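Visitor: The following file, data35.pdb, comprises PDB, C-alpha atoms:
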ATOM      1  CA  MET A 286      97.849 171.694  99.428
ATOM      2  CA  THR A 287      96.176 174.347  97.280
ATOM      3  CA  THR A 288      95.162 173.291  93.799
ATOM      4  CA  ILE A 289      95.262 175.890  91.037
ATOM      5  CA  PRO A 290      92.201 175.785  88.755
ATOM      6  CA  GLU A 291      93.154 174.185  85.447
ATOM      7  CA  ASP A 292      91.966 177.212  83.462
ATOM      8  CA  ARG A 293      94.439 179.452  85.329
ATOM      9  CA  ALA A 294      97.329 177.022  85.610
ATOM     10  CA  PRO A 295     100.326 176.914  83.230
ATOM     11  CA  ASP A 296      99.721 174.974  80.022
ATOM     12  CA  ARG A 297     100.612 171.354  80.748
ATOM     13  CA  ARG A 298     101.779 170.882  77.170
ATOM     14  CA  THR A 299     104.780 173.144  77.743
ATOM     15  CA  HIS A 300     105.081 173.285  81.534
ATOM     16  CA  ALA A 301     106.364 170.204  83.332
ATOM     17  CA  TRP A 302     103.977 169.488  86.174
ATOM     18  CA  ARG A 303     101.797 166.625  87.284
ATOM     19  CA  ASP A 304     100.117 165.703  90.558
ATOM     20  CA  ASP A 305     103.225 164.155  92.132
ATOM     21  CA  LEU A 306     106.069 166.129  90.550
ATOM     22  CA  ALA A 307     106.928 169.430  88.891
ATOM     23  CA  ALA A 308     109.911 171.197  87.373
ATOM     24  CA  GLU A 309     111.813 173.366  89.842
ATOM     25  CA  GLU A 310     111.073 176.601  87.963
ATOM     26  CA  LEU A 311     107.358 176.053  88.615
ATOM     27  CA  ARG A 312     107.773 176.158  92.386
ATOM     28  CA  GLY A 313     105.304 178.728  93.683
ATOM     29  CA  ARG A 314     103.233 178.548  90.482
ATOM     30  CA  VAL A 315     101.873 175.019  90.791
ATOM     31  CA  ALA A 316     101.397 172.742  93.776
ATOM     32  CA  ALA A 317     103.383 169.503  93.851
ATOM     33  CA  PRO A 318     104.899 167.386  96.640
ATOM     34  CA  ARG A 319     108.284 167.396  94.873
ATOM     35  CA  TYR A 320     110.190 169.649  92.484
ATOM     36  CA  VAL A 321     113.202 168.620  90.380
ATOM     37  CA  GLU A 322     115.767 170.289  88.141
ATOM     38  CA  GLY A 323     116.155 167.275  85.864
ATOM     39  CA  HIS A 324     119.116 166.526  83.605
ATOM     40  CA  VAL A 325     119.821 166.789  79.885
ATOM     41  CA  ALA A 326     119.903 163.693  77.698
ATOM     42  CA  VAL A 327     120.064 163.139  73.935
ATOM     43  CA  VAL A 328     117.812 161.138  71.626
ATOM     44  CA  VAL A 329     119.700 158.174  70.133
ATOM     45  CA  ALA A 330     116.727 156.578  68.384
ATOM     46  CA  SER A 331     115.829 157.522  64.828
ATOM     47  CA  VAL A 332     112.534 158.994  66.064
ATOM     48  CA  LEU A 333     111.207 158.965  69.599
ATOM     49  CA  GLY A 334     107.475 159.400  70.101
ATOM     50  CA  LEU A 335     106.433 161.704  72.928
ATOM     51  CA  ARG A 336     103.178 160.486  74.493
ATOM     52  CA  ARG A 337     100.673 161.808  76.998
ATOM     53  CA  GLU A 338     100.974 158.774  79.244
ATOM     54  CA  PRO A 339     103.759 156.225  79.888
ATOM     55  CA  ARG A 340     102.455 153.485  77.623
ATOM     56  CA  ALA A 341     102.966 152.604  73.963
ATOM     57  CA  THR A 342      99.239 152.845  73.184
ATOM     58  CA  ALA A 343      98.882 156.376  74.580
ATOM     59  CA  PRO A 344      98.182 159.209  72.097
ATOM     60  CA  LEU A 345     101.211 160.545  70.221
ATOM     61  CA  ASP A 346     101.603 164.284  70.798
ATOM     62  CA  THR A 347     104.859 164.913  68.925
ATOM     63  CA  GLU A 348     108.185 163.347  68.009
ATOM     64  CA  ALA A 349     111.810 163.978  68.931
ATOM     65  CA  VAL A 350     114.465 163.025  66.382
ATOM     66  CA  TYR A 351     118.008 161.703  66.595
ATOM     67  CA  GLY A 352     120.400 164.112  68.323
ATOM     68  CA  GLU A 353     117.646 166.179  69.915
ATOM     69  CA  ARG A 354     118.112 167.330  73.520
ATOM     70  CA  VAL A 355     115.552 166.609  76.200
ATOM     71  CA  ARG A 356     115.343 167.433  79.878
ATOM     72  CA  VAL A 357     114.647 164.271  81.882
ATOM     73  CA  LEU A 358     112.550 164.895  84.988
ATOM     74  CA  ASP A 359     111.644 161.340  85.996
ATOM     75  CA  THR A 360     112.183 157.753  84.822
ATOM     76  CA  ALA A 361     110.194 154.709  85.876
ATOM     77  CA  GLU A 362     109.320 151.337  84.379
ATOM     78  CA  GLY A 363     111.030 152.040  81.063
ATOM     79  CA  TRP A 364     109.522 155.493  80.488
ATOM     80  CA  SER A 365     111.074 158.920  80.971
ATOM     81  CA  TRP A 366     109.000 162.016  81.644
ATOM     82  CA  VAL A 367     110.761 164.749  79.672
ATOM     83  CA  GLN A 368     110.570 168.273  78.377
ATOM     84  CA  LEU A 369     111.913 168.873  74.872
ATOM     85  CA  VAL A 370     114.601 171.538  74.726
ATOM     86  CA  ARG A 371     113.465 172.452  71.203
ATOM     87  CA  ASP A 372     109.964 173.685  71.952
ATOM     88  CA  GLY A 373     109.294 172.920  75.622
ATOM     89  CA  TYR A 374     106.767 170.166  74.935
ATOM     90  CA  VAL A 375     106.276 167.754  77.847
ATOM     91  CA  GLY A 376     105.455 164.057  77.783
ATOM     92  CA  TYR A 377     106.698 160.499  78.058
ATOM     93  CA  VAL A 378     109.279 158.790  75.851
ATOM     94  CA  ALA A 379     110.766 155.304  75.899
ATOM     95  CA  ALA A 380     113.821 155.580  78.169
ATOM     96  CA  GLU A 381     115.854 153.218  75.971
ATOM     97  CA  GLY A 382     115.847 155.873  73.250
ATOM     98  CA  LEU A 383     117.871 158.313  75.382
ATOM     99  CA  ALA A 384     121.541 158.551  76.306
ATOM    100  CA  ALA A 385     123.423 160.720  78.802
ATOM    101  CA  ASP A 386     126.390 163.022  78.150
ATOM    102  CA  PRO A 387     125.354 164.454  74.785
ATOM    103  CA  ILE A 388     128.114 165.655  72.468
ATOM    104  CA  GLU A 389     127.729 169.181  71.099
ATOM    105  CA  PRO A 390     126.342 168.865  67.545
ATOM    106  CA  THR A 391     128.059 170.499  64.571
ATOM    107  CA  HIS A 392     125.676 169.572  61.746
ATOM    108  CA  ARG A 393     122.055 168.688  61.054
ATOM    109  CA  VAL A 394     120.384 166.593  58.389
ATOM    110  CA  GLN A 395     119.136 168.830  55.556
ATOM    111  CA  ALA A 396     117.702 166.074  53.339
ATOM    112  CA  LEU A 397     114.221 164.750  54.095
ATOM    113  CA  GLY A 398     116.056 161.739  55.458
ATOM    114  CA  THR A 399     119.340 159.876  55.274
ATOM    115  CA  PHE A 400     120.987 156.833  56.826
ATOM    116  CA  LEU A 401     123.613 156.187  59.460
ATOM    117  CA  TYR A 402     126.024 153.548  58.138
ATOM    118  CA  PRO A 403     128.468 151.455  60.176
ATOM    119  CA  ALA A 404     131.157 152.041  57.528
ATOM    120  CA  ALA A 405     131.849 154.485  54.695
ATOM    121  CA  ASP A 406     130.051 152.193  52.261
ATOM    122  CA  ILE A 407     126.544 152.648  50.846
ATOM    123  CA  LYS A 408     126.222 148.857  50.571
ATOM    124  CA  ALA A 409     126.678 148.401  54.314
ATOM    125  CA  PRO A 410     123.341 147.746  56.067
ATOM    126  CA  PRO A 411     122.437 151.066  57.732
ATOM    127  CA  ARG A 412     122.061 151.294  61.484
ATOM    128  CA  LEU A 413     119.407 154.000  61.534
ATOM    129  CA  HIS A 414     117.272 156.274  59.428
ATOM    130  CA  LEU A 415     117.985 159.935  60.277
ATOM    131  CA  PRO A 416     115.141 162.408  59.558
ATOM    132  CA  LEU A 417     115.338 166.037  58.485
ATOM    133  CA  GLY A 418     116.583 168.090  61.438
ATOM    134  CA  ALA A 419     118.488 165.280  63.161
ATOM    135  CA  GLU A 420     121.574 166.768  64.856
ATOM    136  CA  LEU A 421     125.012 165.227  64.456
ATOM    137  CA  ALA A 422     128.559 165.734  65.752
ATOM    138  CA  VAL A 423     130.929 165.359  62.781
ATOM    139  CA  LYS A 424     134.587 164.630  63.504
ATOM    140  CA  ALA A 425     135.939 164.023  59.979
ATOM    141  CA  SER A 426     134.884 163.934  56.335
ATOM    142  CA  ASP A 427     136.331 162.784  53.022
ATOM    143  CA  GLY A 428     134.074 164.702  50.651
ATOM    144  CA  ARG A 429     131.521 161.907  50.342
ATOM    145  CA  PHE A 430     131.049 160.536  53.853
ATOM    146  CA  ALA A 431     131.062 162.364  57.176
ATOM    147  CA  GLU A 432     132.234 160.367  60.174
ATOM    148  CA  LEU A 433     130.390 161.043  63.407
ATOM    149  CA  ALA A 434     132.011 161.473  66.813
ATOM    150  CA  THR A 435     129.445 159.033  68.175
ATOM    151  CA  GLY A 436     130.301 156.435  65.547
ATOM    152  CA  GLY A 437     129.025 155.720  62.071
ATOM    153  CA  PHE A 438     128.974 157.529  58.740
ATOM    154  CA  VAL A 439     126.451 159.643  56.822
ATOM    155  CA  ILE A 440     126.384 160.952  53.253
ATOM    156  CA  GLU A 441     127.993 164.392  53.472
ATOM    157  CA  ARG A 442     125.708 166.043  50.914
ATOM    158  CA  HIS A 443     122.706 165.139  53.075
ATOM    159  CA  ILE A 444     123.894 167.262  55.999
ATOM    160  CA  ALA A 445     124.853 170.898  56.598
ATOM    161  CA  PRO A 446     126.523 172.913  59.366
ATOM    162  CA  ARG A 447     124.027 173.836  62.092
ATOM    163  CA  GLU A 448     124.349 177.542  61.339
ATOM    164  CA  ARG A 449     123.421 177.070  57.655
ATOM    165  CA  HIS A 450     119.680 177.252  57.021
ATOM    166  CA  ALA A 451     117.305 176.818  54.113
ATOM    167  CA  ARG A 452     116.476 180.054  52.329
ATOM    168  CA  ASP A 453     112.756 179.380  51.844
ATOM    169  CA  PHE A 454     110.684 177.467  54.396
ATOM    170  CA  VAL A 455     107.891 176.988  51.855
ATOM    171  CA  ASP A 456     110.301 175.143  49.580
ATOM    172  CA  VAL A 457     111.129 172.829  52.491
ATOM    173  CA  ALA A 458     107.440 172.198  53.150
ATOM    174  CA  GLU A 459     106.790 171.449  49.465
ATOM    175  CA  ARG A 460     109.312 168.610  49.615
ATOM    176  CA  PHE A 461     106.871 166.762  51.899
ATOM    177  CA  ILE A 462     104.027 166.668  49.350
ATOM    178  CA  GLY A 463     102.531 163.171  49.358
ATOM    179  CA  VAL A 464     103.844 162.232  52.804
ATOM    180  CA  PRO A 465     101.100 160.468  54.812
ATOM    181  CA  TYR A 466      99.200 162.313  57.511
ATOM    182  CA  LEU A 467     100.142 161.208  61.031
ATOM    183  CA  TRP A 468      98.799 162.892  64.143
ATOM    184  CA  GLY A 469     101.837 163.999  66.142
ATOM    185  CA  GLY A 470     104.306 163.139  63.355
ATOM    186  CA  ARG A 471     107.297 165.269  62.346
ATOM    187  CA  THR A 472     109.146 163.242  59.679
ATOM    188  CA  ARG A 473     108.811 162.023  56.094
ATOM    189  CA  ILE A 474     107.284 158.837  57.480
ATOM    190  CA  GLY A 475     104.251 160.877  58.535
ATOM    191  CA  LEU A 476     103.340 164.274  59.958
ATOM    192  CA  ASP A 477     100.480 166.570  60.872
ATOM    193  CA  CYS A 478      99.704 170.157  59.914
ATOM    194  CA  SER A 479     101.535 171.938  62.715
ATOM    195  CA  GLY A 480     104.410 169.444  62.585
ATOM    196  CA  LEU A 481     104.913 170.274  58.910
ATOM    197  CA  LEU A 482     105.008 174.001  59.632
ATOM    198  CA  GLN A 483     107.318 173.583  62.616
ATOM    199  CA  ILE A 484     109.969 171.500  60.857
ATOM    200  CA  ALA A 485     109.858 173.656  57.710
ATOM    201  CA  LEU A 486     110.434 176.807  59.770
ATOM    202  CA  GLU A 487     113.163 175.113  61.802
ATOM    203  CA  ALA A 488     114.985 174.209  58.583
ATOM    204  CA  ALA A 489     114.935 177.942  57.769
ATOM    205  CA  GLY A 490     116.319 178.826  61.203
ATOM    206  CA  ILE A 491     113.021 179.964  62.718
ATOM    207  CA  ALA A 492     111.943 178.455  66.034
ATOM    208  CA  ALA A 493     108.239 177.669  66.237
ATOM    209  CA  PRO A 494     105.885 176.193  68.842
ATOM    210  CA  ARG A 495     104.481 172.714  68.250
ATOM    211  CA  ASP A 496     100.686 173.064  68.088
ATOM    212  CA  SER A 497      98.674 175.213  65.691
ATOM    213  CA  ASP A 498      97.043 177.334  68.423
ATOM    214  CA  MET A 499     100.503 178.141  69.816
ATOM    215  CA  GLN A 500     101.780 178.927  66.318
ATOM    216  CA  GLU A 501      98.860 181.239  65.645
ATOM    217  CA  ALA A 502      99.631 183.157  68.837
ATOM    218  CA  ALA A 503     103.407 183.317  68.359
ATOM    219  CA  LEU A 504     104.149 183.635  64.638
ATOM    220  CA  GLY A 505     103.962 186.592  62.294
ATOM    221  CA  ASP A 506     101.623 189.535  61.971
ATOM    222  CA  SER A 507      97.908 189.383  61.262
ATOM    223  CA  VAL A 508      96.830 189.953  57.658
ATOM    224  CA  LEU A 509      93.373 191.253  56.841
ATOM    225  CA  VAL A 510      92.013 189.875  53.578
ATOM    226  CA  PRO A 511      88.624 190.181  51.901
ATOM    227  CA  ALA A 512      86.094 187.373  51.753
ATOM    228  CA  SER A 513      87.387 186.619  48.246
ATOM    229  CA  LEU A 514      90.742 185.674  49.872
ATOM    230  CA  ASP A 515      92.616 187.877  47.388
ATOM    231  CA  GLY A 516      95.930 189.456  48.350
ATOM    232  CA  LEU A 517      97.666 186.514  49.996
ATOM    233  CA  GLU A 518     101.375 185.846  49.459
ATOM    234  CA  ARG A 519     103.748 182.918  49.406
ATOM    235  CA  GLY A 520     104.520 181.944  52.983
ATOM    236  CA  ASP A 521     101.334 183.306  54.552
ATOM    237  CA  LEU A 522      99.961 181.033  57.266
ATOM    238  CA  VAL A 523      96.242 180.264  57.309
ATOM    239  CA  PHE A 524      94.765 179.150  60.633
ATOM    240  CA  TRP A 525      91.542 177.377  61.461
ATOM    241  CA  PRO A 526      90.708 176.087  64.957
ATOM    242  CA  GLY A 527      93.062 173.119  65.269
ATOM    243  CA  HIS A 528      94.557 173.436  61.784
ATOM    244  CA  VAL A 529      97.152 175.410  59.821
ATOM    245  CA  GLY A 530      98.211 175.595  56.190
ATOM    246  CA  ILE A 531     100.937 177.378  54.219
ATOM    247  CA  MET A 532     100.280 179.458  51.113
ATOM    248  CA  VAL A 533     102.452 178.394  48.164
ATOM    249  CA  ASP A 534     101.354 181.501  46.257
ATOM    250  CA  GLY A 535      98.314 183.754  46.266
ATOM    251  CA  VAL A 536      95.942 180.879  45.447
ATOM    252  CA  MET A 537      97.275 177.458  46.483
ATOM    253  CA  LEU A 538      97.400 176.105  50.032
ATOM    254  CA  LEU A 539      99.887 173.452  51.204
ATOM    255  CA  HIS A 540      98.874 171.470  54.280
ATOM    256  CA  ALA A 541      98.995 168.086  55.943
ATOM    257  CA  ASN A 542      95.360 167.209  56.394
ATOM    258  CA  ALA A 543      93.027 164.398  57.339
ATOM    259  CA  HIS A 544      90.864 164.861  54.218
ATOM    260  CA  HIS A 545      93.640 163.750  51.855
ATOM    261  CA  MET A 546      95.411 161.874  54.692
ATOM    262  CA  ALA A 547      98.600 163.343  53.255
ATOM    263  CA  VAL A 548     100.465 166.564  52.618
ATOM    264  CA  ALA A 549      98.629 168.082  49.672
ATOM    265  CA  VAL A 550      98.353 171.291  47.643
ATOM    266  CA  GLU A 551      94.912 172.605  46.708
ATOM    267  CA  PRO A 552      93.211 175.952  46.089
ATOM    268  CA  LEU A 553      92.677 177.779  49.372
ATOM    269  CA  ALA A 554      89.125 178.645  48.365
ATOM    270  CA  GLY A 555      88.262 174.966  47.920
ATOM    271  CA  ALA A 556      89.867 173.963  51.214
ATOM    272  CA  ALA A 557      88.146 176.814  53.059
ATOM    273  CA  ASP A 558      84.774 175.849  51.588
ATOM    274  CA  ARG A 559      85.209 172.179  52.551
ATOM    275  CA  ILE A 560      86.351 173.045  56.056
ATOM    276  CA  ARG A 561      83.530 175.578  56.445
ATOM    277  CA  HIS A 562      81.021 172.825  55.707
ATOM    278  CA  ALA A 563      82.586 170.976  58.644
ATOM    279  CA  ASP A 564      81.591 173.988  60.819
ATOM    280  CA  SER A 565      85.048 175.551  60.952
ATOM    281  CA  ARG A 566      86.063 178.898  59.473
ATOM    282  CA  ILE A 567      89.398 180.617  58.935
ATOM    283  CA  ARG A 568      90.350 182.213  62.242
ATOM    284  CA  ALA A 569      93.519 184.084  61.299
ATOM    285  CA  ILE A 570      96.031 184.684  58.540
ATOM    286  CA  LYS A 571      99.568 185.506  59.654
ATOM    287  CA  ARG A 572     102.525 186.781  57.649
ATOM    288  CA  LEU A 573     106.229 186.289  58.370
ATOM    289  CA  PRO A 574     107.830 189.337  56.722
ATOM    290  CA  ALA A 575     111.373 187.978  56.648
ATOM    291  CA  LEU A 576     110.285 184.822  54.858
ATOM    292  CA  SER A 577     107.108 185.430  52.898
ATOM    293  CA  ALA A 578     108.819 187.779  50.450
ATOM    294  CA  ILE A 579     111.191 185.037  49.272
ATOM    295  CA  ALA A 580     110.416 184.028  45.700
TER     296      ALA A 580
END
Could the structure of this file be written out as structure tokens, please?

Guide:
Amino acid sequence: MTTIPEDRAPDRRTHAWRDDLAAEELRGRVAAPRYVEGHVAVVVASVLGLRREPRATAPLDTEAVYGERVRVLDTAEGWSWVQLVRDGYVGYVAAEGLAADPIEPTHRVQALGTFLYPAADIKAPPRLHLPLGAELAVKASDGRFAELATGGFVIERHIAPRERHARDFVDVAERFIGVPYLWGGRTRIGLDCSGLLQIALEAAGIAAPRDSDMQEAALGDSVLVPASLDGLERGDLVFWPGHVGIMVDGVMLLHANAHHMAVAVEPLAGAADRIRHADSRIRAIKRLPALSAIA
């Protein structure tokens, strides 16, 4: 069996292939003894960590949230090897956090987080925490609570129809200020730099890849700025190798970072100087025309 050199093979982060198995669409592109179509399942846990290996101590690459669709390619010993429908990311999740026969969602959580209650009563002990972006199928509402087709109730003002999006992705990102830094995280419990950008853009109806190098390649148009860093606008994206931040205005940078170990706002010049002393320089600045002009 011919092995394709890793540097010329499809990116394993977003292409489902391993030594013993690959997704059917990769037949002819990668060598594997077996190819599968897989089946769609839905996340029924509050947050489901996607890991590089099928063990709880393996590195966390990203997170899937309640209601999210995944393509299941293999399940063994309590772990499912999946590809996220949202951004194509591939990895292992705990199989107990998935369910078959997903119901078509009608709404998504627009608050940073809310709770799923067993009854229309805020004093009832909640079943789950539901993060921003969690997808829900609503069957009825009374103006205060929305009842889900899958059971349970959520506060209606915390959700919105799926087709309704935030007007300003930077405003969404600013709501996470102070949230702890977590490698691979995508919720108010903890997140990383590219996770913050991805979920903020998603809330504004813009699909984005998961990792900062993918985001740099896929998002916006390049902006040339002088060494003084003058001329930047709200919503501009600043990329370093392995890192990304969001401009709040022409001076201040918002980013989840391991220096503050939190989502923080600081002058771009100060951040760039600190990061430069760690032997890393700004690699690109990208602008999203449809969003960056929003005041």

Visitor: Evaluating the PyMOL selection byres ((chain A and resi 334) around 6) on the displayed file yields which residues, as a list in words?

Guide: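 This file, filtered by the PyMOL selection byres ((chain A and resi 334) around 6), leaves Leu333, Leu335 and Glu348 of chain A.
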
Visitor: Selection from above, C-alpha atoms, as a tab-separated table (two decimals), in the coordinates of the input, can you write it?

Guide:
chain	number	residue	atom	x	y	z
A	333	LEU	CA	111.21	158.96	69.60
A	335	LEU	CA	106.43	161.70	72.93
A	348	GLU	CA	108.18	163.35	68.01

Visitor: Any chance you could resolve the PyMOL selection byres ((chain A and resi 450) around 7) against this file and give the residues as a list in words?

Guide: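 That selection, the PyMOL selection byres ((chain A and resi 450) around 7), comes back as Glu448, Arg449, Ala451, Arg452, Ala488, Ala489 and Gly490 of chain A.
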
Visitor: State, in Å with one decimal place, the distance from CA of Thr472 in chain A to CA of His414 in chain A.

Guide: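 Separation between CA of Thr472 in chain A and CA of His414 in chain A: 10.7 Å.
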
Visitor: Using all atoms listed in the file, tabulate the residues of range 323-356 of chain A lying at most 7 Å from any atom of range 417-425 of chain A, each with its closest atom pair and that distance in Å to one decimal, by chain and increasing residue number, as JSON lines.

Guide:
{"residue": "A:Val350", "atom": "CA", "partner": "A:Ala419", "partner_atom": "CA", "distance": 5.6}
{"residue": "A:Tyr351", "atom": "CA", "partner": "A:Ala419", "partner_atom": "CA", "distance": 5.0}
{"residue": "A:Gly352", "atom": "CA", "partner": "A:Glu420", "partner_atom": "CA", "distance": 4.5}
{"residue": "A:Glu353", "atom": "CA", "partner": "A:Glu420", "partner_atom": "CA", "distance": 6.4}

Visitor: Using the chain letters and numbers from the file, which residues does the PyMOL selection byres ((chain A and resi 432) around 12) grab, as an MDAnalysis selection string?

Guide: chainID A and resid 391:392 401:406 421:431 433:441 444

Visitor: Determine, counting only C-alpha atoms, which protein, DNA and RNA residues have an atom within 9 Å of an atom of Tyr377 in chain A; residues of the same chain fewer than 6 positions away are not included. Present the result as a list in words.

Guide: Gly334, Leu335, Arg336, Arg337, Glu338, Pro339, Arg340, Trp364, Ser365, Trp366, Val367 and Gln368 of chain A

Visitor: Any chance you can output those residues with C-alpha atoms as a PDB file, in the coordinates of the input?

Guide:
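Listed below is the output, result.pdb:
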ATOM      1  CA  GLY A 334     107.475 159.400  70.101  1.00  0.00           C
ATOM      2  CA  LEU A 335     106.433 161.704  72.928  1.00  0.00           C
ATOM      3  CA  ARG A 336     103.178 160.486  74.493  1.00  0.00           C
ATOM      4  CA  ARG A 337     100.673 161.808  76.998  1.00  0.00           C
ATOM      5  CA  GLU A 338     100.974 158.774  79.244  1.00  0.00           C
ATOM      6  CA  PRO A 339     103.759 156.225  79.888  1.00  0.00           C
ATOM      7  CA  ARG A 340     102.455 153.485  77.623  1.00  0.00           C
ATOM      8  CA  TRP A 364     109.522 155.493  80.488  1.00  0.00           C
ATOM      9  CA  SER A 365     111.074 158.920  80.971  1.00  0.00           C
ATOM     10  CA  TRP A 366     109.000 162.016  81.644  1.00  0.00           C
ATOM     11  CA  VAL A 367     110.761 164.749  79.672  1.00  0.00           C
ATOM     12  CA  GLN A 368     110.570 168.273  78.377  1.00  0.00           C
TER      13      GLN A 368
END

Visitor: Hey, can you check how far CA of Leu486 in chain A sits from CA of Leu383 in chain A?

Guide: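 Taking CA of Leu486 in chain A as the start and CA of Leu383 in chain A as the end point, the length is 25.3 Å.
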
Visitor: Of the candidates A:Ile531, A:Leu482, A:Ala512, A:Leu415, which one gets nearest to Pro494 in chain A if we count all atoms listed in the file?

Guide: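 Looking at the shortest contact to Pro494 in chain A, the residue is A:Leu482.
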
Visitor: Considering all atoms listed in the file, can you say which of A:Arg371, A:Arg447, A:His545, A:His562 comes closest to Thr299 in chain A?

Guide: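 With all atoms listed in the file as the atom set, the closest residue is A:Arg371.
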
Visitor: Restricting the calculation to only C-alpha atoms, which member of A:Ala330, A:Glu309, A:Val529, A:Ile388 is positioned closest to Leu358 in chain A?

Guide: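 Closest to Leu358 in chain A of all the choices is A:Glu309.
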
Visitor: Compute the distance from (101.8, 168.8, 43.2) to each atom, counting all atoms listed in the file, keep the residues with any atom at most 12 Å away, and return them as a VMD selection string; use the coordinates of the file.

Guide: chain A and resid 458 to 464 533 537 to 540 547 to 552

Visitor: Quick check, in Å to one decimal: how far apart do CA of Met499 in chain A and CA of Ser513 in chain A lie?

Guide: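 Here the two named atoms are 26.6 Å from each other.
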
Visitor: Pick the closest to Arg442 in chain A from A:Gly398, A:Pro390, A:Arg471, A:Pro465: which is it, counting all atoms listed in the file?

Guide: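 Counting all atoms listed in the file, the residue closest to Arg442 in chain A is A:Gly398.
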
Visitor: Select, from A:Asp304, A:Glu389, A:Glu310, A:Asp296, the residue with the minimum atom-to-atom distance to Val327 in chain A, counting only C-alpha atoms.

Guide: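 When distances to Val327 in chain A are compared using only C-alpha atoms, the smallest one comes from A:Glu389.
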
Visitor: Measuring atom to atom with all atoms listed in the file, identify which of A:Arg356, A:Met546, A:Leu517, A:Asp305 is nearest to Pro318 in chain A.

Guide: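 Checking each candidate against Pro318 in chain A, we get A:Asp305 as the closest.
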
Visitor: Around all the atoms of range 313-320 of chain A listed in the file, with 8 Å of room on each side, what axis-aligned box do you get, giving centre and edge lengths in Å to one decimal, as JSON?

Guide:
{"center_x": 105.8, "center_y": 173.1, "center_z": 93.6, "size_x": 24.8, "size_y": 27.3, "size_z": 22.2}
